[in-house]
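Peer 1: I'm passing along start_21.pdb; it holds PDB, C-alpha atoms.
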MODEL        1
ATOM      1  CA  MET F 185      -1.196 -44.162  22.823  1.00  0.00           C
ATOM      2  CA  LEU F 186      -4.686 -43.141  21.732  1.00  0.00           C
ATOM      3  CA  ARG F 187      -3.973 -39.564  22.859  1.00  0.00           C
ATOM      4  CA  ILE F 188      -0.820 -39.394  20.674  1.00  0.00           C
ATOM      5  CA  ILE F 189      -2.712 -40.653  17.622  1.00  0.00           C
ATOM      6  CA  LEU F 190      -5.484 -38.117  18.236  1.00  0.00           C
ATOM      7  CA  VAL F 191      -3.015 -35.193  18.532  1.00  0.00           C
ATOM      8  CA  VAL F 192      -1.126 -36.242  15.382  1.00  0.00           C
ATOM      9  CA  SER F 193      -4.350 -36.598  13.387  1.00  0.00           C
ATOM     10  CA  MET F 194      -5.551 -33.159  14.562  1.00  0.00           C
ATOM     11  CA  MET F 195      -2.247 -31.601  13.485  1.00  0.00           C
ATOM     12  CA  ALA F 196      -2.505 -33.232  10.073  1.00  0.00           C
ATOM     13  CA  ALA F 197      -6.070 -31.989   9.646  1.00  0.00           C
ATOM     14  CA  ASN F 198      -5.126 -28.411  10.552  1.00  0.00           C
ATOM     15  CA  GLY F 199      -1.947 -28.302   8.473  1.00  0.00           C
ATOM     16  CA  ALA F 200       1.243 -26.739   9.792  1.00  0.00           C
ATOM     17  CA  LEU F 201       0.802 -25.016  13.131  1.00  0.00           C
ATOM     18  CA  ALA F 202       1.951 -21.461  13.751  1.00  0.00           C
ATOM     19  CA  ASP F 203       5.544 -21.319  14.996  1.00  0.00           C
ATOM     20  CA  PRO F 204       5.585 -19.229  18.211  1.00  0.00           C
ATOM     21  CA  ASP F 205       9.350 -18.701  17.785  1.00  0.00           C
ATOM     22  CA  ASN F 206       8.778 -16.953  14.421  1.00  0.00           C
ATOM     23  CA  GLN F 207       7.628 -13.531  15.612  1.00  0.00           C
ATOM     24  CA  ILE F 208       6.535 -11.707  12.460  1.00  0.00           C
ATOM     25  CA  PRO F 209       7.291  -7.957  12.502  1.00  0.00           C
ATOM     26  CA  PHE F 210       5.239  -5.132  11.040  1.00  0.00           C
ATOM     27  CA  HIS F 211       7.108  -2.357   9.232  1.00  0.00           C
ATOM     28  CA  ARG F 212       5.448   1.002   8.425  1.00  0.00           C
ATOM     29  CA  SER F 213       8.237   1.669   5.940  1.00  0.00           C
ATOM     30  CA  VAL F 214      11.029  -0.363   4.370  1.00  0.00           C
ATOM     31  CA  GLU F 215      14.051   0.428   2.254  1.00  0.00           C
ATOM     32  CA  LEU F 216      15.497  -2.276   0.003  1.00  0.00           C
ATOM     33  CA  THR F 217      17.723  -2.730  -3.011  1.00  0.00           C
ATOM     34  CA  VAL F 218      16.602  -4.430  -6.218  1.00  0.00           C
ATOM     35  CA  GLY F 219      16.501  -8.201  -5.649  1.00  0.00           C
ATOM     36  CA  GLN F 220      16.262  -7.934  -1.871  1.00  0.00           C
ATOM     37  CA  SER F 221      13.349  -9.470   0.084  1.00  0.00           C
ATOM     38  CA  MET F 222      11.958  -8.615   3.514  1.00  0.00           C
ATOM     39  CA  VAL F 223       9.091  -9.748   5.730  1.00  0.00           C
ATOM     40  CA  VAL F 224       6.904  -6.627   5.979  1.00  0.00           C
ATOM     41  CA  HIS F 225       3.776  -7.840   7.754  1.00  0.00           C
ATOM     42  CA  GLY F 226       1.936 -10.805   9.250  1.00  0.00           C
ATOM     43  CA  PHE F 227      -1.499 -11.719   7.883  1.00  0.00           C
ATOM     44  CA  ARG F 228      -3.693 -13.023  10.705  1.00  0.00           C
ATOM     45  CA  GLY F 229      -7.136 -14.535  10.904  1.00  0.00           C
ATOM     46  CA  GLU F 230      -9.546 -14.289  13.812  1.00  0.00           C
ATOM     47  CA  CYS F 231      -7.783 -13.756  17.116  1.00  0.00           C
ATOM     48  CA  GLY F 232      -6.118 -16.971  18.233  1.00  0.00           C
ATOM     49  CA  LYS F 233      -6.864 -18.748  14.928  1.00  0.00           C
ATOM     50  CA  ARG F 234      -4.837 -19.131  11.772  1.00  0.00           C
ATOM     51  CA  PRO F 235      -6.146 -17.288   8.699  1.00  0.00           C
ATOM     52  CA  GLN F 236      -8.246 -19.504   6.449  1.00  0.00           C
ATOM     53  CA  ASN F 237      -7.441 -20.512   2.847  1.00  0.00           C
ATOM     54  CA  VAL F 238      -3.854 -19.224   2.734  1.00  0.00           C
ATOM     55  CA  ASP F 239      -2.213 -20.313  -0.533  1.00  0.00           C
ATOM     56  CA  PRO F 240       1.548 -20.625   0.094  1.00  0.00           C
ATOM     57  CA  LYS F 241       2.266 -20.059  -3.612  1.00  0.00           C
ATOM     58  CA  ARG F 242       0.133 -16.930  -4.007  1.00  0.00           C
ATOM     59  CA  THR F 243       1.915 -13.808  -5.213  1.00  0.00           C
ATOM     60  CA  ARG F 244       0.648 -10.274  -5.776  1.00  0.00           C
ATOM     61  CA  ALA F 245       2.438  -7.812  -8.050  1.00  0.00           C
ATOM     62  CA  THR F 246       3.002  -4.213  -6.999  1.00  0.00           C
ATOM     63  CA  LYS F 247       4.511  -1.307  -8.921  1.00  0.00           C
ATOM     64  CA  LEU F 248       8.011  -2.057  -7.572  1.00  0.00           C
ATOM     65  CA  GLY F 249       7.974  -5.743  -6.723  1.00  0.00           C
ATOM     66  CA  VAL F 250       6.042  -8.778  -5.588  1.00  0.00           C
ATOM     67  CA  LEU F 251       4.269  -9.732  -2.357  1.00  0.00           C
ATOM     68  CA  SER F 252       4.273 -13.411  -1.436  1.00  0.00           C
ATOM     69  CA  ASN F 253       3.287 -15.580   1.505  1.00  0.00           C
ATOM     70  CA  GLY F 254       6.040 -16.956   3.723  1.00  0.00           C
ATOM     71  CA  LYS F 255       6.250 -19.170   6.801  1.00  0.00           C
ATOM     72  CA  TRP F 256       3.765 -19.525   9.630  1.00  0.00           C
ATOM     73  CA  GLY F 257       4.451 -17.663  12.843  1.00  0.00           C
ATOM     74  CA  VAL F 258       2.812 -15.232  15.220  1.00  0.00           C
ATOM     75  CA  THR F 259       2.249 -11.497  15.095  1.00  0.00           C
ATOM     76  CA  LYS F 260       1.489  -9.062  17.877  1.00  0.00           C
ATOM     77  CA  SER F 261      -2.002  -7.662  17.458  1.00  0.00           C
ATOM     78  CA  ARG F 262      -3.475  -4.751  19.386  1.00  0.00           C
ATOM     79  CA  ARG F 263      -6.962  -5.877  18.399  1.00  0.00           C
ATOM     80  CA  CYS F 264      -6.314  -9.393  19.751  1.00  0.00           C
ATOM     81  CA  GLY F 265      -4.476  -8.144  22.825  1.00  0.00           C
ATOM     82  CA  GLY F 266      -1.250 -10.069  22.184  1.00  0.00           C
ATOM     83  CA  TRP F 267       0.336 -12.700  19.968  1.00  0.00           C
ATOM     84  CA  THR F 268      -1.853 -14.509  17.425  1.00  0.00           C
ATOM     85  CA  PRO F 269      -1.131 -16.959  14.556  1.00  0.00           C
ATOM     86  CA  ALA F 270      -0.233 -15.400  11.203  1.00  0.00           C
ATOM     87  CA  VAL F 271       1.579 -16.013   7.939  1.00  0.00           C
ATOM     88  CA  GLU F 272       4.507 -13.866   6.781  1.00  0.00           C
ATOM     89  CA  ILE F 273       3.925 -11.395   3.948  1.00  0.00           C
ATOM     90  CA  ILE F 274       7.214 -10.940   2.078  1.00  0.00           C
ATOM     91  CA  PHE F 275       8.025  -8.076  -0.294  1.00  0.00           C
ATOM     92  CA  THR F 276      10.639  -8.731  -2.991  1.00  0.00           C
ATOM     93  CA  ALA F 277      11.953  -5.614  -4.757  1.00  0.00           C
ATOM     94  CA  SER F 278      12.295  -5.760  -8.546  1.00  0.00           C
ATOM     95  CA  LYS F 279      12.424  -2.115  -9.635  1.00  0.00           C
ATOM     96  CA  LYS F 280      13.773   1.178  -8.221  1.00  0.00           C
ATOM     97  CA  GLY F 281      11.364   3.798  -6.931  1.00  0.00           C
ATOM     98  CA  ARG F 282       8.867   4.577  -4.175  1.00  0.00           C
ATOM     99  CA  GLU F 283       5.361   3.337  -3.531  1.00  0.00           C
ATOM    100  CA  THR F 284       2.869   2.764  -0.753  1.00  0.00           C
ATOM    101  CA  ILE F 285       1.379  -0.721  -0.637  1.00  0.00           C
ATOM    102  CA  ASN F 286      -1.660  -1.915   1.294  1.00  0.00           C
ATOM    103  CA  VAL F 287      -1.182  -5.187   3.166  1.00  0.00           C
ATOM    104  CA  ALA F 288      -3.974  -6.577   5.343  1.00  0.00           C
ATOM    105  CA  GLY F 289      -5.482  -3.124   5.763  1.00  0.00           C
ATOM    106  CA  GLU F 290      -2.184  -1.445   6.683  1.00  0.00           C
ATOM    107  CA  SER F 291      -0.218   1.017   4.539  1.00  0.00           C
ATOM    108  CA  ILE F 292       3.501   0.344   4.104  1.00  0.00           C
ATOM    109  CA  ARG F 293       5.860   2.812   2.440  1.00  0.00           C
ATOM    110  CA  VAL F 294       8.424   1.113   0.222  1.00  0.00           C
ATOM    111  CA  ARG F 295      11.596   2.616  -1.190  1.00  0.00           C
ATOM    112  CA  VAL F 296      13.735   0.562  -3.563  1.00  0.00           C
ATOM    113  CA  ARG F 297      17.226   1.791  -4.457  1.00  0.00           C
TER     114      ARG F 297
ENDMDL
END
Represent the supplied structure as structure tokens.

Peer 2:
Amino acid sequence: MLRIILVVSMMAANGALADPDNQIPFHRSVELTVGQSMVVHGFRGECGKRPQNVDPKRTRATKLGVLSNGKWGVTKSRRCGGWTPAVEIIFTASKKGRETINVAGESIRVRVR
């Protein structure tokens, strides 16, 4: 009983845990239509740890759309040598054109039709 209470309190203190079934992809380039959204990257913290201070309501405008944070999951990292906790980075297209965006140190080419 004490063990269950301890585990539940640790989960509450750490917030939502990363969902290992939500494998977040990385796309070097994406093609969307206006109004369409797509997970383009996973933002990770230190290997094996969730990134700190992730605001689920944070958005960042780009020339052609908006980047926002999505659900927790895992992303495959060469630096970490495998799967590590991350949060989805979602791009929502709002205007036609082409641009290259920088997400977590990676360049992603975006084309919106």

Peer 1: Check what the PyMOL selection byres ((chain F and resi 278) around 6) selects in the file above and give those residues as an MDAnalysis selection string.

Peer 2: chainID F and resid 218:219 248:249 277 279

Peer 1: Expanded to explicit residues, what is the PyMOL selection byres ((chain F and resi 207) around 6) for this file, as a compact mmCIF listing (two decimals) with C-alpha atoms, in the coordinates of the input?

Peer 2:
# COMPACT_ATOMS: atom_id res chain seq x y z
CA ASP F 205 9.35 -18.70 17.78
CA ASN F 206 8.78 -16.95 14.42
CA ILE F 208 6.54 -11.71 12.46
CA GLY F 257 4.45 -17.66 12.84
CA VAL F 258 2.81 -15.23 15.22
CA THR F 259 2.25 -11.50 15.10

Peer 1: Using all atoms listed in the file, can you tell me which of F:Lys241, F:Arg295, F:Lys280, F:Lys255 comes closest to Phe227 (chain F)?

Peer 2: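 So, comparing all the options, the nearest one is F:Lys255.
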
Peer 1: When you draw a straight line from CA of Cys231 (chain F) to CA of Ile273 (chain F), how long is it in Å?

Peer 2: 17.8 Å

Peer 1: Go through F:Arg282, F:Gly232, F:Ala270, F:Ala288 one by one, measure the shortest atom-to-atom distance of each to Leu216 (chain F) using all atoms listed in the file, and give the residue with the smallest value.

Peer 2: F:Arg282

Peer 1: Please determine, counting all atoms listed in the file, which residue among F:Gly266, F:Gly254, F:Pro240, F:Pro204 has the shortest atom-to-atom distance to Val223 (chain F).

Peer 2: F:Gly254

Peer 1: What is the CA of Val294 (chain F) to CA of Ala245 (chain F) distance in Å?

Peer 2: 13.6 Å

Peer 1: Given the file shown, enumerate the residues that the PyMOL selection byres ((chain F and resi 236) around 12) captures and present them as a VMD selection string.

Peer 2: chain F and resid 198 to 199 227 to 230 233 to 235 237 to 240 269 to 271

Peer 1: To one decimal in Å, tell me the separation between CA of Thr268 (chain F) and CA of Glu283 (chain F).

Peer 2: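 Spanning CA of Thr268 (chain F) to CA of Glu283 (chain F) is a straight-line distance of 28.5 Å.
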